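Source file: target_38.txt. Holds: compact mmCIF, C-alpha atoms and all ligand atoms.
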```
# COMPACT_ATOMS: atom_id res chain seq x y z
CA MET D 254 145.76 47.81 -54.60
CA THR D 255 147.68 50.45 -52.65
CA LYS D 256 147.43 50.22 -48.91
CA THR D 257 146.06 53.18 -46.96
CA LYS D 258 148.74 55.49 -45.67
CA ILE D 259 149.89 55.25 -42.07
CA TRP D 260 150.97 58.73 -41.00
CA LEU D 261 153.76 59.72 -38.68
CA SER D 262 151.39 61.79 -36.54
CA SER D 263 147.93 62.86 -37.57
CA PRO D 264 145.23 64.97 -35.86
CA HIS D 265 143.08 63.10 -33.36
CA MET D 266 139.90 64.84 -32.29
CA GLY D 267 138.34 63.96 -28.95
CA GLY D 268 134.67 64.60 -29.72
CA GLU D 269 133.87 67.84 -27.93
CA GLU D 270 135.73 70.15 -30.30
CA GLU D 271 132.76 70.71 -32.63
CA SER D 272 130.46 71.77 -29.83
CA PHE D 273 132.98 74.41 -28.69
CA VAL D 274 133.36 75.59 -32.30
CA GLY D 275 129.56 75.60 -32.68
CA GLU D 276 129.29 77.77 -29.59
CA ALA D 277 131.70 80.28 -31.19
CA PHE D 278 129.39 80.44 -34.23
CA GLU D 279 126.20 80.70 -32.18
CA THR D 280 127.58 83.58 -30.14
CA ASN D 281 129.27 85.18 -33.20
CA TRP D 282 132.69 85.23 -31.53
CA ILE D 283 134.48 84.77 -34.87
CA ALA D 284 137.51 86.88 -34.01
CA PRO D 285 141.06 86.65 -32.65
CA LEU D 286 139.64 87.17 -29.17
CA GLY D 287 136.69 85.87 -27.18
CA PRO D 288 135.66 83.50 -24.41
CA HIS D 289 137.31 80.39 -25.91
CA VAL D 290 140.65 82.20 -26.17
CA ASN D 291 140.43 83.07 -22.47
CA GLY D 292 139.16 79.59 -21.60
CA PHE D 293 141.92 77.87 -23.56
CA GLU D 294 144.54 80.01 -21.82
CA GLU D 295 143.08 78.99 -18.45
CA ASP D 296 143.14 75.32 -19.48
CA LEU D 297 146.82 75.62 -20.45
CA GLN D 298 147.70 77.38 -17.20
CA ALA D 299 145.90 74.75 -15.11
CA PHE D 300 147.52 71.88 -17.01
CA THR D 301 151.11 73.18 -17.01
CA GLY D 302 151.07 75.12 -13.74
CA ALA D 303 152.30 78.22 -15.58
CA GLY D 304 151.08 81.43 -13.97
CA HIS D 305 150.09 82.99 -17.28
CA ALA D 306 149.52 81.95 -20.89
CA ALA D 307 148.93 83.86 -24.13
CA ALA D 308 147.21 81.89 -26.89
CA LEU D 309 148.80 82.77 -30.24
CA SER D 310 148.49 81.97 -33.93
CA SER D 311 151.45 79.55 -33.96
CA GLY D 312 154.39 78.23 -32.01
CA THR D 313 156.63 80.20 -34.35
CA ALA D 314 154.80 83.43 -33.40
CA ALA D 315 155.25 82.52 -29.72
CA LEU D 316 159.00 82.03 -30.24
CA HIS D 317 159.23 85.34 -32.08
CA LEU D 318 157.40 87.24 -29.33
CA GLY D 319 159.50 85.44 -26.71
CA LEU D 320 162.69 86.74 -28.30
CA ILE D 321 161.23 90.26 -28.55
CA LEU D 322 160.29 90.17 -24.86
CA LEU D 323 163.88 89.15 -24.06
CA ASP D 324 165.05 92.24 -25.96
CA VAL D 325 166.80 90.30 -28.73
CA LYS D 326 167.94 92.91 -31.25
CA PRO D 327 170.05 93.00 -34.43
CA GLY D 328 173.56 91.73 -33.78
CA ASP D 329 172.68 90.06 -30.45
CA ILE D 330 173.43 86.37 -29.97
CA VAL D 331 170.96 83.58 -29.21
CA LEU D 332 172.31 80.16 -28.21
CA CYS D 333 169.98 77.69 -29.91
CA GLN D 334 169.86 73.89 -29.91
CA SER D 335 171.12 72.82 -33.34
CA MET D 336 169.06 69.67 -33.62
CA THR D 337 165.52 71.01 -33.96
CA PHE D 338 162.86 72.09 -36.41
CA SER D 339 163.73 75.29 -38.32
CA ALA D 340 160.92 77.16 -36.55
CA SER D 341 163.07 77.28 -33.39
CA ALA D 342 165.80 79.18 -35.21
CA ASN D 343 163.98 81.28 -37.82
CA PRO D 344 162.69 83.90 -35.31
CA ILE D 345 166.32 84.61 -34.34
CA ALA D 346 166.81 85.69 -37.95
CA TYR D 347 163.53 87.68 -37.93
CA GLN D 348 165.13 89.80 -35.20
CA GLY D 349 168.36 90.27 -37.18
CA ALA D 350 170.10 88.42 -34.35
CA ILE D 351 172.84 85.79 -34.61
CA PRO D 352 172.16 82.13 -33.87
CA VAL D 353 175.01 80.13 -32.36
CA PHE D 354 174.06 76.47 -32.58
CA ILE D 355 174.71 74.08 -29.71
CA ASP D 356 175.25 70.34 -29.94
CA SER D 357 173.09 67.68 -28.27
CA GLU D 358 174.03 65.23 -25.53
CA GLU D 359 173.60 61.47 -25.94
CA GLU D 360 170.86 60.83 -23.40
CA THR D 361 167.96 63.17 -24.18
CA TRP D 362 169.31 64.23 -27.63
CA ASN D 363 168.72 67.84 -26.50
CA MET D 364 171.01 70.81 -25.79
CA CYS D 365 174.25 69.70 -24.17
CA PRO D 366 174.85 71.83 -21.04
CA ARG D 367 178.62 71.45 -21.40
CA ALA D 368 178.63 72.59 -25.04
CA LEU D 369 176.38 75.47 -23.93
CA GLU D 370 178.94 76.69 -21.41
CA ASP D 371 181.77 76.16 -23.92
CA ALA D 372 179.89 78.42 -26.33
CA ILE D 373 179.42 81.15 -23.72
CA LEU D 374 183.13 81.08 -22.86
CA ALA D 375 184.14 81.14 -26.54
CA ILE D 376 181.85 84.10 -27.20
CA ASN D 377 183.07 86.00 -24.14
CA GLU D 378 186.67 85.41 -25.22
CA ARG D 379 185.80 86.54 -28.77
CA LYS D 380 186.81 83.17 -30.19
CA LEU D 381 183.82 82.67 -32.47
CA SER D 382 183.23 84.36 -35.79
CA TYR D 383 179.77 85.21 -37.05
CA ASP D 384 178.18 85.79 -40.40
CA HIS D 385 176.89 89.21 -39.33
CA PRO D 386 178.06 92.77 -40.11
CA SER D 387 177.84 94.11 -36.54
CA PRO D 388 177.80 91.60 -33.73
CA THR D 389 177.12 93.10 -30.30
CA HIS D 390 178.69 90.05 -28.60
CA LYS D 391 175.76 90.15 -26.17
CA ILE D 392 174.14 86.78 -25.49
CA LYS D 393 170.45 87.59 -24.99
CA ALA D 394 168.81 84.18 -24.75
CA ILE D 395 169.33 80.43 -24.50
CA LEU D 396 166.89 78.35 -26.54
CA PRO D 397 166.71 74.64 -25.64
CA VAL D 398 164.15 72.28 -27.20
CA HIS D 399 162.43 69.19 -25.78
CA LEU D 400 162.80 67.04 -28.90
CA TYR D 401 159.97 64.62 -29.61
CA GLY D 402 158.67 65.30 -26.10
CA MET D 403 161.83 64.33 -24.21
CA PRO D 404 162.70 66.96 -21.58
CA ALA D 405 166.10 68.59 -22.00
CA LYS D 406 168.50 68.65 -19.02
CA MET D 407 166.87 71.82 -17.76
CA GLU D 408 168.44 71.89 -14.30
CA ASP D 409 171.93 71.97 -15.82
CA ILE D 410 170.89 74.37 -18.60
CA ASN D 411 169.23 76.73 -16.11
CA ALA D 412 172.33 76.53 -13.87
CA VAL D 413 174.57 77.65 -16.75
CA ALA D 414 172.04 80.35 -17.63
CA ASP D 415 171.99 81.64 -14.02
CA LYS D 416 175.77 81.57 -13.77
CA TYR D 417 176.06 83.94 -16.74
CA GLY D 418 172.80 85.85 -16.21
CA ILE D 419 171.17 84.81 -19.50
CA PRO D 420 167.39 84.19 -19.75
CA VAL D 421 166.04 80.90 -21.12
CA LEU D 422 163.27 80.56 -23.72
CA GLU D 423 162.11 76.97 -23.70
CA ASP D 424 160.80 75.48 -26.97
CA ALA D 425 158.22 73.00 -25.66
CA ALA D 426 156.36 72.86 -28.99
CA GLU D 427 156.62 69.05 -28.98
CA ALA D 428 156.37 68.55 -25.23
CA LEU D 429 152.92 69.42 -23.91
CA GLY D 430 152.29 66.79 -21.23
CA SER D 431 155.99 66.07 -20.61
CA ARG D 432 157.43 66.64 -17.15
CA TYR D 433 160.87 67.10 -15.70
CA LYS D 434 161.56 66.82 -11.95
CA GLY D 435 157.88 67.41 -11.22
CA GLY D 436 157.56 70.53 -13.41
CA SER D 437 155.73 70.72 -16.73
CA CYS D 438 157.65 71.31 -19.93
CA GLY D 439 156.82 74.82 -21.07
CA ASN D 440 157.02 75.99 -17.45
CA LEU D 441 160.65 75.18 -16.67
CA ALA D 442 162.29 78.47 -17.67
CA ASP D 443 161.70 82.22 -17.96
CA LEU D 444 159.42 81.76 -20.98
CA GLY D 445 157.99 78.64 -22.62
CA VAL D 446 156.50 77.96 -26.06
CA LEU D 447 153.82 75.46 -27.08
CA SER D 448 152.56 74.55 -30.56
CA PHE D 449 149.15 73.25 -31.65
CA ASN D 450 150.03 72.63 -35.28
CA GLY D 451 148.27 69.75 -37.03
CA ASN D 452 150.90 67.12 -36.25
CA LYS D 453 151.45 67.95 -32.57
CA ILE D 454 150.14 66.00 -29.58
CA ILE D 455 147.02 68.18 -29.54
CA THR D 456 146.05 70.53 -32.34
CA THR D 457 143.92 73.56 -33.14
CA SER D 458 144.84 73.04 -36.84
CA GLY D 459 147.33 75.85 -36.25
CA GLY D 460 148.16 77.69 -33.05
CA GLY D 461 150.63 78.22 -30.26
CA ALA D 462 151.09 79.69 -26.83
CA LEU D 463 153.62 81.58 -24.76
CA LEU D 464 153.81 80.64 -21.07
CA SER D 465 155.42 82.37 -18.12
CA ASP D 466 155.04 83.00 -14.41
CA ASP D 467 155.78 86.64 -15.17
CA GLU D 468 152.47 88.43 -15.67
CA THR D 469 154.09 91.55 -17.15
CA MET D 470 155.74 89.47 -19.87
CA ILE D 471 152.51 87.73 -20.88
CA SER D 472 150.40 90.88 -20.93
CA LYS D 473 153.09 92.48 -23.08
CA ALA D 474 152.92 89.44 -25.38
CA ARG D 475 149.14 89.88 -25.74
CA PHE D 476 149.63 93.59 -26.43
CA LEU D 477 152.26 92.99 -29.14
CA ALA D 478 150.20 90.13 -30.63
CA THR D 479 147.23 92.45 -31.22
CA GLN D 480 149.00 95.17 -33.21
CA ALA D 481 150.37 96.99 -30.14
CA ARG D 482 147.42 99.35 -29.76
CA ASP D 483 147.89 101.99 -27.10
CA PRO D 484 144.87 102.76 -24.89
CA ALA D 485 143.12 105.53 -26.87
CA PRO D 486 139.78 105.85 -28.70
CA HIS D 487 141.60 106.22 -32.03
CA TYR D 488 144.33 103.89 -33.30
CA GLN D 489 147.49 105.00 -31.52
CA HIS D 490 150.80 103.10 -31.64
CA SER D 491 154.11 103.55 -29.82
CA HIS D 492 155.47 100.09 -30.66
CA ILE D 493 155.71 97.85 -33.71
CA GLY D 494 152.89 95.34 -33.39
CA TYR D 495 152.04 91.91 -34.79
CA ASN D 496 148.88 90.04 -35.72
CA TYR D 497 149.69 86.92 -33.73
CA ARG D 498 146.59 86.19 -31.62
CA LEU D 499 144.73 82.87 -31.82
CA SER D 500 141.24 82.86 -33.33
CA ASN D 501 138.34 82.21 -30.94
CA VAL D 502 137.10 79.52 -33.36
CA LEU D 503 140.40 77.63 -33.20
CA ALA D 504 140.66 78.12 -29.44
CA GLY D 505 137.36 76.20 -29.31
CA ILE D 506 139.13 73.22 -30.91
CA GLY D 507 141.88 73.67 -28.32
CA ARG D 508 139.42 73.54 -25.43
CA GLY D 509 138.00 70.27 -26.78
CA GLN D 510 141.51 68.86 -27.20
CA MET D 511 142.49 69.80 -23.63
CA LYS D 512 139.74 67.47 -22.39
CA VAL D 513 141.67 64.50 -23.82
CA ILE D 514 145.29 65.56 -23.43
CA SER D 515 146.03 62.94 -20.75
CA ASP D 516 144.61 60.17 -22.97
CA ARG D 517 146.78 61.40 -25.82
CA VAL D 518 149.92 61.32 -23.68
CA ASN D 519 149.09 57.80 -22.44
CA ALA D 520 148.45 56.54 -25.98
CA ARG D 521 151.73 57.96 -27.31
CA ARG D 522 153.68 56.52 -24.38
CA LYS D 523 152.11 53.14 -25.06
CA ASN D 524 153.20 53.35 -28.70
CA TYR D 525 156.74 53.91 -27.51
CA GLU D 526 156.56 50.90 -25.16
CA ARG D 527 155.48 48.68 -28.07
CA TYR D 528 158.43 49.78 -30.19
CA ARG D 529 160.76 49.51 -27.21
CA ARG D 530 159.68 45.90 -26.63
CA PHE D 531 160.10 44.97 -30.31
CA PHE D 532 163.57 46.52 -30.59
CA SER D 533 164.86 45.39 -27.20
CA GLU D 534 165.94 42.13 -28.80
CA ILE D 535 167.69 43.75 -31.73
CA GLU D 536 171.35 44.65 -31.51
CA GLY D 537 172.37 48.16 -32.59
CA ILE D 538 169.13 50.01 -31.83
CA TYR D 539 169.22 52.78 -29.24
CA PHE D 540 166.67 55.17 -27.80
CA GLN D 541 166.15 58.67 -26.52
CA GLU D 542 166.34 57.47 -22.97
CA PRO D 543 168.10 59.17 -20.08
CA VAL D 544 169.50 57.01 -17.28
CA ASP D 545 167.05 58.34 -14.70
CA ASP D 546 163.73 57.99 -16.49
CA SER D 547 161.73 58.84 -13.36
CA VAL D 548 163.06 62.39 -13.73
CA TYR D 549 162.36 62.65 -17.46
CA PHE D 550 158.68 61.99 -18.17
CA SER D 551 158.33 62.23 -21.96
CA ASN D 552 154.96 62.49 -23.70
CA ARG D 553 156.66 60.44 -26.46
CA TRP D 554 155.12 62.72 -29.07
CA LEU D 555 157.15 60.76 -31.60
CA SER D 556 158.73 57.38 -30.96
CA THR D 557 162.31 57.60 -32.19
CA ILE D 558 165.17 55.13 -32.58
CA GLY D 559 168.82 55.32 -33.49
CA ILE D 560 170.18 52.61 -35.79
CA ASP D 561 173.89 51.89 -35.72
CA PRO D 562 174.62 50.03 -38.98
CA ALA D 563 177.94 48.81 -37.59
CA ARG D 564 175.99 46.75 -35.05
CA THR D 565 172.89 45.78 -37.06
CA GLY D 566 174.76 43.91 -39.77
CA GLY D 567 174.51 46.84 -42.16
CA ILE D 568 170.83 47.70 -41.71
CA SER D 569 170.72 51.48 -41.70
CA ARG D 570 168.21 54.20 -40.97
CA GLU D 571 167.49 54.37 -44.70
CA THR D 572 167.00 50.58 -45.01
CA VAL D 573 164.22 50.80 -42.45
CA ARG D 574 162.71 54.03 -43.73
CA LEU D 575 162.52 52.79 -47.33
CA ALA D 576 161.05 49.44 -46.29
CA LEU D 577 158.29 51.26 -44.41
CA GLU D 578 157.77 53.67 -47.31
CA ALA D 579 157.29 50.75 -49.69
CA GLU D 580 154.39 49.67 -47.45
CA ASN D 581 152.94 53.22 -47.51
CA ILE D 582 154.01 53.78 -43.90
CA GLU D 583 155.47 57.19 -43.11
CA ALA D 584 158.71 57.36 -41.13
CA ARG D 585 161.13 60.26 -41.14
CA PRO D 586 164.77 60.99 -40.33
CA LEU D 587 165.30 63.07 -37.18
CA TRP D 588 165.46 66.85 -37.55
CA LYS D 589 168.47 67.84 -39.63
CA PRO D 590 170.67 70.02 -37.41
CA MET D 591 170.41 73.74 -38.11
CA HIS D 592 174.17 74.21 -38.60
CA LEU D 593 173.96 71.73 -41.51
CA GLN D 594 171.10 73.61 -43.18
CA PRO D 595 172.04 75.64 -46.26
CA VAL D 596 170.25 78.69 -44.85
CA PHE D 597 172.41 78.65 -41.67
CA ALA D 598 175.57 77.25 -43.27
CA LYS D 599 177.71 80.16 -42.08
CA ALA D 600 176.45 80.13 -38.49
CA ALA D 601 178.73 79.08 -35.64
CA PHE D 602 178.31 75.63 -34.07
CA VAL D 603 179.72 74.48 -30.75
CA GLY D 604 179.98 70.76 -30.02
CA ASN D 605 181.58 67.56 -31.14
CA GLY D 606 179.11 66.13 -33.60
CA VAL D 607 176.62 64.20 -31.46
CA CYS D 608 173.66 65.70 -33.31
CA GLU D 609 175.27 64.96 -36.67
CA ARG D 610 175.47 61.27 -35.80
CA LEU D 611 171.91 61.28 -34.47
CA PHE D 612 170.73 62.80 -37.73
CA GLU D 613 172.50 60.10 -39.74
CA GLN D 614 171.19 57.23 -37.62
CA GLY D 615 167.90 58.46 -36.21
CA LEU D 616 164.39 57.62 -37.38
CA CYS D 617 160.93 58.80 -36.24
CA LEU D 618 158.36 56.00 -36.34
CA PRO D 619 154.59 56.29 -36.79
CA SER D 620 153.41 57.69 -33.45
CA GLY D 621 149.85 58.96 -33.70
CA SER D 622 147.54 58.47 -30.72
CA ASN D 623 144.99 57.17 -33.26
CA LEU D 624 147.05 54.25 -34.65
CA THR D 625 144.96 51.07 -34.77
CA GLU D 626 145.86 47.47 -34.01
CA SER D 627 145.81 46.78 -37.73
CA ASP D 628 148.18 49.73 -38.34
CA PHE D 629 150.58 48.24 -35.80
CA ARG D 630 150.31 44.81 -37.41
CA ARG D 631 151.40 46.33 -40.71
CA ILE D 632 154.22 48.31 -39.09
CA PHE D 633 155.63 45.35 -37.13
CA THR D 634 155.27 42.93 -40.04
CA CYS D 635 157.39 45.29 -42.09
CA LEU D 636 159.98 45.85 -39.32
CA HIS D 637 160.11 42.10 -38.70
CA SER D 638 160.91 41.44 -42.34
CA VAL D 639 163.75 44.01 -42.24
CA PHE D 640 165.41 42.69 -39.09
CA TYR D 641 164.65 38.95 -39.22
CA SER D 642 165.15 37.99 -42.84
C1 LIG V 1 156.21 72.59 -34.44
C2 LIG V 1 157.41 73.21 -33.86
C3 LIG V 1 157.56 74.60 -33.79
C4 LIG V 1 156.67 75.56 -34.51
O1 LIG V 1 155.38 75.54 -34.15
P1 LIG V 1 154.24 76.05 -35.22
O2 LIG V 1 153.02 76.08 -34.36
O3 LIG V 1 154.19 75.02 -36.28
O4 LIG V 1 154.64 77.39 -35.69
C5 LIG V 1 158.67 75.11 -33.15
N1 LIG V 1 159.60 74.32 -32.61
C6 LIG V 1 159.50 72.98 -32.67
C7 LIG V 1 160.57 72.16 -32.04
C8 LIG V 1 158.42 72.38 -33.30
O5 LIG V 1 158.35 71.05 -33.39
```

Please express what this file holds, its structure, as structure tokens.
Amino acid sequence: MTKTKIWLSSPHMGGEEESFVGEAFETNWIAPLGPHVNGFEEDLQAFTGAGHAAALSSGTAALHLGLILLDVKPGDIVLCQSMTFSASANPIAYQGAIPVFIDSEEETWNMCPRALEDAILAINERKLSYDHPSPTHKIKAILPVHLYGMPAKMEDINAVADKYGIPVLEDAAEALGSRYKGGSCGNLADLGVLSFNGNKIITTSGGGALLSDDETMISKARFLATQARDPAPHYQHSHIGYNYRLSNVLAGIGRGQMKVISDRVNARRKNYERYRRFFSEIEGIYFQEPVDDSVYFSNRWLSTIGIDPARTGGISRETVRLALEAENIEARPLWKPMHLQPVFAKAAFVGNGVCERLFEQGLCLPSGSNLTESDFRRIFTCLHSVFYS
């Protein structure tokens, strides 16, 4: 008999979602606007402290609009964290702009501030070559990511950004509920992006948001996301628009999910603590764990480990992943860095290979907020047999 699958991260409804969705049906607000869209935006603002929020159809759409708002045009450069999901980098290509990929640092596994400054200097001194017919050599945005919920070193990244006058678009798709130095991820830079895709810490099945304290930016985002309609009785357009707004039906799911966001963060952090305890006695396992963990409050969207086979007696990331797979338990390597992806093979990369090692050694463990005690028994029985046999 095959055992039921244990997922890496699966949707976890709180209970009130259906009544919000029902209300959308009863009032016939079945459209990419309506009271739930406004209500969800208010919930996000209250939770993150961001002055303004635009609810959108996906995190990818939010990243795309963010780059447009920062005036990223063909031939411009965007400095993007290399170790991330492809959705961070694809919108750079949508704009015909040039990604320059930046290495990670060892503590948070996110954008290394030193490699970031090295990249800026190399670009300013014309020492990088790009796979692009007409580079403008203008750096229009810095795009750090809070991987698996762990806040990037935003103070240092923002300091480099200020020094060179470059705006920061923060990819907080995985980090709703994470905090850094008292501020909420998504609200630590000029613009922030959230995602509510099915596997994220809360979900609307699909959705995203753009956050900012700058009201002009967010109203412009809403305008562009609804086909850029000028104020006129007929359809009048002076800009290229997009159909990127969130549906009122899905925003209803979001409002239900926002009622339980704190529970979800607590549950995921508890998962991490369980894994941390198990692995603390095993040589060669390391974590995404900055020295000062009171500064970096991670939602632990996914619990991740690094496995150094030189110190585990040859047990590698793949040994563990395949053992879990054989038990029908999903685990996944960390994000493959963008500069190693065939589609970005010709893009420039600045760093010394930290993210390449993390990719080779890193594993994401089952992390849903709905994992049961019996799921954990299966997971730890399997891990025990790998490390203690
Ligand atoms: C999920 C994710 C996105 C994209 O969000 P969607 O809502 O799926 O479009 C972007 N960046 C990162 C780091 C993500 O994990």

Per residue of chain D within 8 Å of ligand LIG 1 (chain V), what are the shortest atom pair and its distance in Å to one decimal, counting all atoms listed in the file, with rows by chain and residue number, as a tab-separated table?
```
residue	atom	partner	partner_atom	distance
D:Ser310	CA	V:LIG1	O2	7.4
D:Ser311	CA	V:LIG1	O2	3.8
D:Gly312	CA	V:LIG1	O2	3.5
D:Thr313	CA	V:LIG1	O4	3.7
D:Ala314	CA	V:LIG1	O4	6.5
D:Ala315	CA	V:LIG1	O4	7.9
D:Leu316	CA	V:LIG1	C5	7.5
D:Thr337	CA	V:LIG1	C7	5.4
D:Phe338	CA	V:LIG1	C7	4.9
D:Ser339	CA	V:LIG1	N1	7.1
D:Ala340	CA	V:LIG1	C5	4.6
D:Ser341	CA	V:LIG1	N1	4.6
D:Val398	CA	V:LIG1	C7	6.0
D:His399	CA	V:LIG1	C7	7.2
D:Leu400	CA	V:LIG1	C7	6.4
D:Tyr401	CA	V:LIG1	O5	7.6
D:Asp424	CA	V:LIG1	N1	5.9
D:Ala425	CA	V:LIG1	C7	6.9
D:Ala426	CA	V:LIG1	C8	4.8
D:Glu427	CA	V:LIG1	O5	5.1
D:Val446	CA	V:LIG1	C5	7.9
D:Leu447	CA	V:LIG1	O1	7.2
D:Ser448	CA	V:LIG1	O2	4.1
D:Phe449	CA	V:LIG1	O2	5.5
D:Asn450	CA	V:LIG1	O2	4.7
D:Gly451	CA	V:LIG1	O3	8.0
D:Asn452	CA	V:LIG1	C1	7.8
D:Lys453	CA	V:LIG1	C1	6.9
D:Gly459	CA	V:LIG1	O2	6.0
D:Gly460	CA	V:LIG1	O2	5.3
D:Gly461	CA	V:LIG1	O2	5.2
```

When distances are computed from all atoms listed in the file, which of D:Ser533, D:Ser382, D:Thr457, D:Asn411 shows the smallest separation from D:Pro352?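 The shortest atom-to-atom distance to D:Pro352 comes from D:Ser382.
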
Counting all atoms listed in the file, the option among D:Pro420, D:Gly559, D:Gly287, D:Gly604 closest to D:Leu499: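 Closest residue, counting all atoms listed in the file: D:Gly287.
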
Given all atoms listed in the file as the basis, pick out the residue of D:Gly349, D:Pro386, D:Gly505, D:Pro327 nearest to D:Phe278.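 For D:Phe278, the nearest of the given residues is D:Gly505.
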
For atom CA of D:Phe540 and atom CA of D:Glu360, the interatomic separation in Å (one decimal):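 Pair atom CA of D:Phe540 / atom CA of D:Glu360 returns 8.3 Å.
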
Could you name the residues that touch D:Asp467 at 8 Å or less, counting only C-alpha atoms, but leaving out those on the same chain fewer than 3 positions away, as a list of chain:residue names?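 My list of contacting residues is D:Gly304, D:His305, D:Asp443, D:Met470, D:Ile471.
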
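Reported to one decimal place, the separation of atom CA of D:Ile514 from atom CA of D:Glu542 is 22.6 Å.
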
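With all atoms listed in the file as the atoms that count, the minimum distance from D:Pro285 to the choices D:Ser551, D:Ser500, D:Thr469, D:Thr257 is reached by D:Ser500.
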
Length of the atom CA of D:Glu269 to atom CA of D:Asn623 vector [Å]: 16.3 Å

Residue with smallest distance to D:Ser431 - pool D:Lys406, D:Arg553, D:His317, D:His487, counting all atoms listed in the file: D:Arg553

Find, counting only C-alpha atoms, the residue in D:Glu536, D:Asp516, D:Glu271, D:Glu378 that gets nearest to D:Gly567.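 Of the candidates, the smallest distance to D:Gly567 is held by D:Glu536.
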
Please identify all polymer residues within 8 Å of D:Gly621, counting all atoms listed in the file, omitting same-chain residues fewer than 5 positions from it, and present them as a PyMOL selection string. chain D and resi 260-265+521+554-555

With C-alpha atoms kept, could you save the residues just selected as a PDB file, in the coordinates of the input?
```pdb
ATOM      1  CA  TRP D 260     150.970  58.730 -41.000  1.00  0.00           C
ATOM      2  CA  LEU D 261     153.760  59.720 -38.680  1.00  0.00           C
ATOM      3  CA  SER D 262     151.390  61.790 -36.540  1.00  0.00           C
ATOM      4  CA  SER D 263     147.930  62.860 -37.570  1.00  0.00           C
ATOM      5  CA  PRO D 264     145.230  64.970 -35.860  1.00  0.00           C
ATOM      6  CA  HIS D 265     143.080  63.100 -33.360  1.00  0.00           C
ATOM      7  CA  ARG D 521     151.730  57.960 -27.310  1.00  0.00           C
ATOM      8  CA  TRP D 554     155.120  62.720 -29.070  1.00  0.00           C
ATOM      9  CA  LEU D 555     157.150  60.760 -31.600  1.00  0.00           C
TER      10      LEU D 555
END
```

Residues at most 12 Å from D:Phe293, counting all atoms listed in the file, excluding those fewer than 2 positions away in the same chain, as an NGL selection string? :D and (270 or 273 or 286-291 or 295-300 or 305-309 or 449 or 457 or 460-462 or 499-512)

Give me, as number ranges by chain, all polymer residues having an atom no more than 12 Å from D:Ile321, counting only C-alpha atoms and skipping those fewer than 3 positions away in the same chain. D: 314-318, 324-327, 329, 331, 344-350, 393-394, 422, 444, 470-471, 473-474, 477-478, 492-495

Each side padded by 6 Å, which centre and which edge lengths in Å (one decimal) define the axis-aligned box around the listed atoms of stretch 538-553 of chain D? Give them as lines of an AutoDock Vina configuration file.
```
center_x = 162.2
center_y = 56.3
center_z = -22.6
size_x = 26.5
size_y = 24.6
size_z = 30.5
```

Would you pull stretch 376-387 of chain D out of the block just shown and save N, CA and C atoms as a PDB file, in the first residue's frame?
```pdb
ATOM      1  N   ILE D 376      30.135  47.611 -12.847  1.00  0.00           N
ATOM      2  CA  ILE D 376      29.281  48.153 -13.908  1.00  0.00           C
ATOM      3  C   ILE D 376      29.703  49.590 -14.225  1.00  0.00           C
ATOM      4  N   ASN D 377      29.922  50.382 -13.150  1.00  0.00           N
ATOM      5  CA  ASN D 377      30.309  51.780 -13.361  1.00  0.00           C
ATOM      6  C   ASN D 377      31.651  51.898 -14.073  1.00  0.00           C
ATOM      7  N   GLU D 378      32.530  50.916 -13.834  1.00  0.00           N
ATOM      8  CA  GLU D 378      33.842  50.937 -14.503  1.00  0.00           C
ATOM      9  C   GLU D 378      33.807  50.167 -15.826  1.00  0.00           C
ATOM     10  N   ARG D 379      32.615  49.818 -16.273  1.00  0.00           N
ATOM     11  CA  ARG D 379      32.426  49.093 -17.544  1.00  0.00           C
ATOM     12  C   ARG D 379      33.226  47.802 -17.615  1.00  0.00           C
ATOM     13  N   LYS D 380      33.251  47.077 -16.485  1.00  0.00           N
ATOM     14  CA  LYS D 380      34.040  45.843 -16.446  1.00  0.00           C
ATOM     15  C   LYS D 380      33.188  44.589 -16.598  1.00  0.00           C
ATOM     16  N   LEU D 381      31.891  44.763 -16.811  1.00  0.00           N
ATOM     17  CA  LEU D 381      31.048  43.580 -17.017  1.00  0.00           C
ATOM     18  C   LEU D 381      30.584  43.576 -18.468  1.00  0.00           C
ATOM     19  N   SER D 382      30.390  42.356 -19.007  1.00  0.00           N
ATOM     20  CA  SER D 382      29.799  42.323 -20.351  1.00  0.00           C
ATOM     21  C   SER D 382      28.421  41.669 -20.256  1.00  0.00           C
ATOM     22  N   TYR D 383      27.522  42.136 -21.098  1.00  0.00           N
ATOM     23  CA  TYR D 383      26.138  41.685 -21.031  1.00  0.00           C
ATOM     24  C   TYR D 383      25.721  41.058 -22.341  1.00  0.00           C
ATOM     25  N   ASP D 384      24.772  40.154 -22.223  1.00  0.00           N
ATOM     26  CA  ASP D 384      24.175  39.538 -23.398  1.00  0.00           C
ATOM     27  C   ASP D 384      23.002  40.411 -23.848  1.00  0.00           C
ATOM     28  N   HIS D 385      23.308  41.615 -24.335  1.00  0.00           N
ATOM     29  CA  HIS D 385      22.250  42.544 -24.712  1.00  0.00           C
ATOM     30  C   HIS D 385      22.785  43.487 -25.798  1.00  0.00           C
ATOM     31  N   PRO D 386      22.003  43.754 -26.849  1.00  0.00           N
ATOM     32  CA  PRO D 386      22.508  44.561 -27.961  1.00  0.00           C
ATOM     33  C   PRO D 386      22.813  46.012 -27.577  1.00  0.00           C
ATOM     34  N   SER D 387      22.061  46.602 -26.627  1.00  0.00           N
ATOM     35  CA  SER D 387      22.308  48.019 -26.357  1.00  0.00           C
ATOM     36  C   SER D 387      22.160  48.362 -24.876  1.00  0.00           C
TER      37      SER D 387
END
```
